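Heads up, the thing below is written out as structure tokens.
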Amino acid sequence: MAPLEKRLAILLDWCRSYRIVADIGSGQGRLARALAHQGHRVLATEKTVSGWQELVQYTKTFEQIDPILGDGLKPLLAMDVAIDVAVVAGMGPRAIERIVQQDSQFRRIPAFIVQPMQGLFRMRRYLKNESWFVRQADLVQEHGKLYGMWWVERNADNGAGLFSEWFPSEFLDSPLYPQLIRSRLAQLNQSLGHHTAQCPMWDDWQRERNALLTTLR
Ligand SMILES: C[S@@+](CC[C@H](N)C(=O)[O-])C[C@H]1O[C@@H](n2cnc3c(N)ncnc32)[C@H](O)[C@@H]1O
């Protein structure tokens with residue numbers, strides 16, 4: 001197998017301590033196959049019949065991988081299996097939120113690893129507002145784009161902590177942090193420039209901008 005993309009390599013590493021991993025929206029199963037090599041049982045899902053057939057083709061020689069057809073977590077929550085962690089990667093933030101939300105009532109999945117293709121700050125706000133604890137977070141740059149990823153848990157064990165309010169402190173150790181903050185400041189300046197103080201988001205944007213400016217000093 002060709003070497004994994006940087007973002008998938010980090011997700012693979014974060015799964016190391018888990019036995020049963022769900023890979024939601026597995027595509028051609030690149031991560032699922034790497035997970036199987038690493039010794040996990042993998043429940044890999046795809047939502048369309050054609051996507052699932054392709055996944056079956058790519059994973060048919062791996063007996064540790066179950067390729068499953070269905071929308072997000074729905075087919076897995078109907079099964080009698082205790083999933084240790086679900087990875088939801090390579091989609092937009094809204095699709096990821098919708099999938100994570102599918103387990104909000106029964107809370108059967110204790111940990112998620114999420115990596116949106118865009119909307120990094122939207123994704124972060126969602127996780128914070130839904131009271132997830134952040135175990136680890138990282139940034140990678142690939143094909144000229146910056147991607148954020150989070151490993152979150154329902155409980156604050158194992159050193160998982162709260163999301164900070166106004167700036168993404170979970171990325172502070174990344175060498176890409178200044179780049180992330182500069183691009184967010186550019187977004188915020190644009191929003192503030194296009195709206196007036198009557199906009200309901202105005203005060204939040206100002207507060208966020210001030211907080212980000214202090215972290216760059
Ligand atoms: C861009 S691929 C990402 C593949 C892989 N997860 C990765 O990060 O490289 C997104 C995949 O998610 C699948 N997908 C999107 N929404 C889904 C859903 N609700 N349930 C299952 N699969 C979904 C799509 O069919 C597609 O194969």
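Quick note on naming: the chains in the structure tokens go A, B, ... in the order shown, residues restart at 1 in each chain, and ligands are numbered from 1 in order of appearance.
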
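Taking only C-alpha atoms, the non-local environment of segment 175-178 of chain A within 12 Å (same-chain residues fewer than 2 positions away omitted) comprises Ala137, Asp138, Leu139, Val140, Gln141, Glu142, Lys145, Leu146, Tyr147, Gly148, Phe167, Pro168, Ser169, Glu170, Phe171, Leu172, Asp173, Leu180, Ile181, Arg182, Ser183, Arg184, Leu185, Leu212, Leu213, Thr214, Thr215, Leu216 and Arg217 of chain A.
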
Just to be explicit: take each residue in the selection above, keep C-alpha atoms, and write the result as a compact mmCIF listing (two decimals), in the first residue's frame.
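Writing the result to part.txt gives the following:
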```
# COMPACT_ATOMS: atom_id res chain seq x y z
CA ALA A 137 -5.54 17.82 18.41
CA ASP A 138 -3.21 18.45 15.52
CA LEU A 139 -2.78 20.44 12.35
CA VAL A 140 -1.30 19.23 9.07
CA GLN A 141 -0.58 20.97 5.83
CA GLU A 142 -1.15 18.95 2.68
CA LYS A 145 -4.19 23.35 2.68
CA LEU A 146 -4.31 23.35 6.44
CA TYR A 147 -6.35 20.59 8.09
CA GLY A 148 -7.33 20.36 11.75
CA PHE A 167 -8.82 30.67 20.80
CA PRO A 168 -7.83 27.16 19.71
CA SER A 169 -5.36 26.45 22.51
CA GLU A 170 -5.36 22.73 21.65
CA PHE A 171 -3.17 23.58 18.61
CA LEU A 172 -0.69 25.81 20.47
CA ASP A 173 2.12 23.27 20.21
CA LEU A 180 -3.84 29.01 11.45
CA ILE A 181 -4.31 32.15 13.53
CA ARG A 182 -3.31 34.45 10.70
CA SER A 183 -5.82 32.84 8.34
CA ARG A 184 -8.57 33.03 11.01
CA LEU A 185 -7.77 36.69 11.65
CA LEU A 212 -6.28 35.67 18.80
CA LEU A 213 -4.21 38.84 18.59
CA THR A 214 -2.96 38.29 22.15
CA THR A 215 -1.86 34.71 21.35
CA LEU A 216 0.33 35.95 18.48
CA ARG A 217 2.24 38.44 20.65
```

Residues contacting ligand 1 - anything with an atom at most 6 Å away, using only C-alpha atoms and all ligand atoms - can you give me those as a VMD selection string?
chain A and resid 24 to 27 45 to 47 51 70 to 72 89 to 91

Neighbouring residues of Trp166 of chain A were defined as those with any atom within 8 Å, considering only C-alpha atoms; residues of the same chain fewer than 4 positions away were excluded. Please report them as a list in words.
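My reading of the contact set: Arg207, Glu208, Ala211 and Leu212 of chain A.
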
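Between Ser131 of chain A and the candidates A:Gly119, A:Gly39, A:Gly161, A:Gly144, the tightest atom-to-atom separation, counting only C-alpha atoms, involves A:Gly161.
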
Per-residue DSSP, segment 62-164 of chain A, filtered to strand (DSSP E or B), as an MDAnalysis selection string
chainID A and resid 65:69 85:91 111:116 133:142 145:153 161

Same residues, C-alpha atoms, saved as a PDB file, in the first residue's frame:
```pdb
ATOM      1  CA  ILE A  65     -12.500  -5.380   8.154  1.00  0.00           C
ATOM      2  CA  ASP A  66     -16.317  -5.499   7.915  1.00  0.00           C
ATOM      3  CA  PRO A  67     -17.465  -3.271   5.049  1.00  0.00           C
ATOM      4  CA  ILE A  68     -20.948  -2.028   5.961  1.00  0.00           C
ATOM      5  CA  LEU A  69     -23.506  -0.158   3.877  1.00  0.00           C
ATOM      6  CA  VAL A  85     -13.787   4.874  18.772  1.00  0.00           C
ATOM      7  CA  ALA A  86     -15.337   6.201  15.554  1.00  0.00           C
ATOM      8  CA  VAL A  87     -13.226   8.016  12.966  1.00  0.00           C
ATOM      9  CA  VAL A  88     -15.123  10.485  10.765  1.00  0.00           C
ATOM     10  CA  ALA A  89     -12.644  12.023   8.343  1.00  0.00           C
ATOM     11  CA  GLY A  90     -12.428  13.622   4.936  1.00  0.00           C
ATOM     12  CA  MET A  91     -15.927  15.201   4.874  1.00  0.00           C
ATOM     13  CA  ALA A 111     -14.666   8.642  21.654  1.00  0.00           C
ATOM     14  CA  PHE A 112     -14.527  10.198  18.198  1.00  0.00           C
ATOM     15  CA  ILE A 113     -11.695  11.238  15.935  1.00  0.00           C
ATOM     16  CA  VAL A 114     -12.847  13.881  13.459  1.00  0.00           C
ATOM     17  CA  GLN A 115     -11.081  15.601  10.590  1.00  0.00           C
ATOM     18  CA  PRO A 116     -13.075  17.981   8.400  1.00  0.00           C
ATOM     19  CA  PHE A 133     -13.369  16.844  25.986  1.00  0.00           C
ATOM     20  CA  VAL A 134     -10.320  17.149  23.781  1.00  0.00           C
ATOM     21  CA  ARG A 135      -7.746  14.411  24.202  1.00  0.00           C
ATOM     22  CA  GLN A 136      -5.469  15.481  21.368  1.00  0.00           C
ATOM     23  CA  ALA A 137      -5.536  17.821  18.409  1.00  0.00           C
ATOM     24  CA  ASP A 138      -3.207  18.445  15.524  1.00  0.00           C
ATOM     25  CA  LEU A 139      -2.775  20.442  12.346  1.00  0.00           C
ATOM     26  CA  VAL A 140      -1.303  19.235   9.071  1.00  0.00           C
ATOM     27  CA  GLN A 141      -0.580  20.967   5.831  1.00  0.00           C
ATOM     28  CA  GLU A 142      -1.150  18.952   2.679  1.00  0.00           C
ATOM     29  CA  LYS A 145      -4.189  23.352   2.684  1.00  0.00           C
ATOM     30  CA  LEU A 146      -4.307  23.352   6.443  1.00  0.00           C
ATOM     31  CA  TYR A 147      -6.348  20.588   8.091  1.00  0.00           C
ATOM     32  CA  GLY A 148      -7.334  20.365  11.752  1.00  0.00           C
ATOM     33  CA  MET A 149      -8.180  17.136  13.537  1.00  0.00           C
ATOM     34  CA  TRP A 150      -9.409  16.320  17.040  1.00  0.00           C
ATOM     35  CA  TRP A 151      -9.551  13.237  19.185  1.00  0.00           C
ATOM     36  CA  VAL A 152     -12.420  13.826  21.602  1.00  0.00           C
ATOM     37  CA  GLU A 153     -13.929  11.851  24.460  1.00  0.00           C
ATOM     38  CA  GLY A 161      -9.539  18.601  28.785  1.00  0.00           C
TER      39      GLY A 161
END
```

In Å, with one decimal, what is the gap from atom CA of Ile99 of chain A to atom CA of Leu73 of chain A?
6.3 Å

What are the DSSP alpha helix (DSSP H) residues of segment 40-179 of chain A, as a ChimeraX atom specification?
/A:49-59,74-77,93-101,120-129,177-179

Could you tell me how far atom CA of His40 of chain A sits from atom CA of Lys128 of chain A, in Å to one decimal place?
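Calculated distance between atom CA of Lys128 of chain A and atom CA of His40 of chain A is 28.7 Å.
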
What does the structure give for the distance between atom CA of Ala44 of chain A and atom CA of Leu127 of chain A, in Å to one decimal?
22.9 Å

Between A:Pro3, A:Met117, A:Leu76, A:Tyr58, which residue has the minimum interatomic distance to Ala95 of chain A, considering only C-alpha atoms?
A:Met117
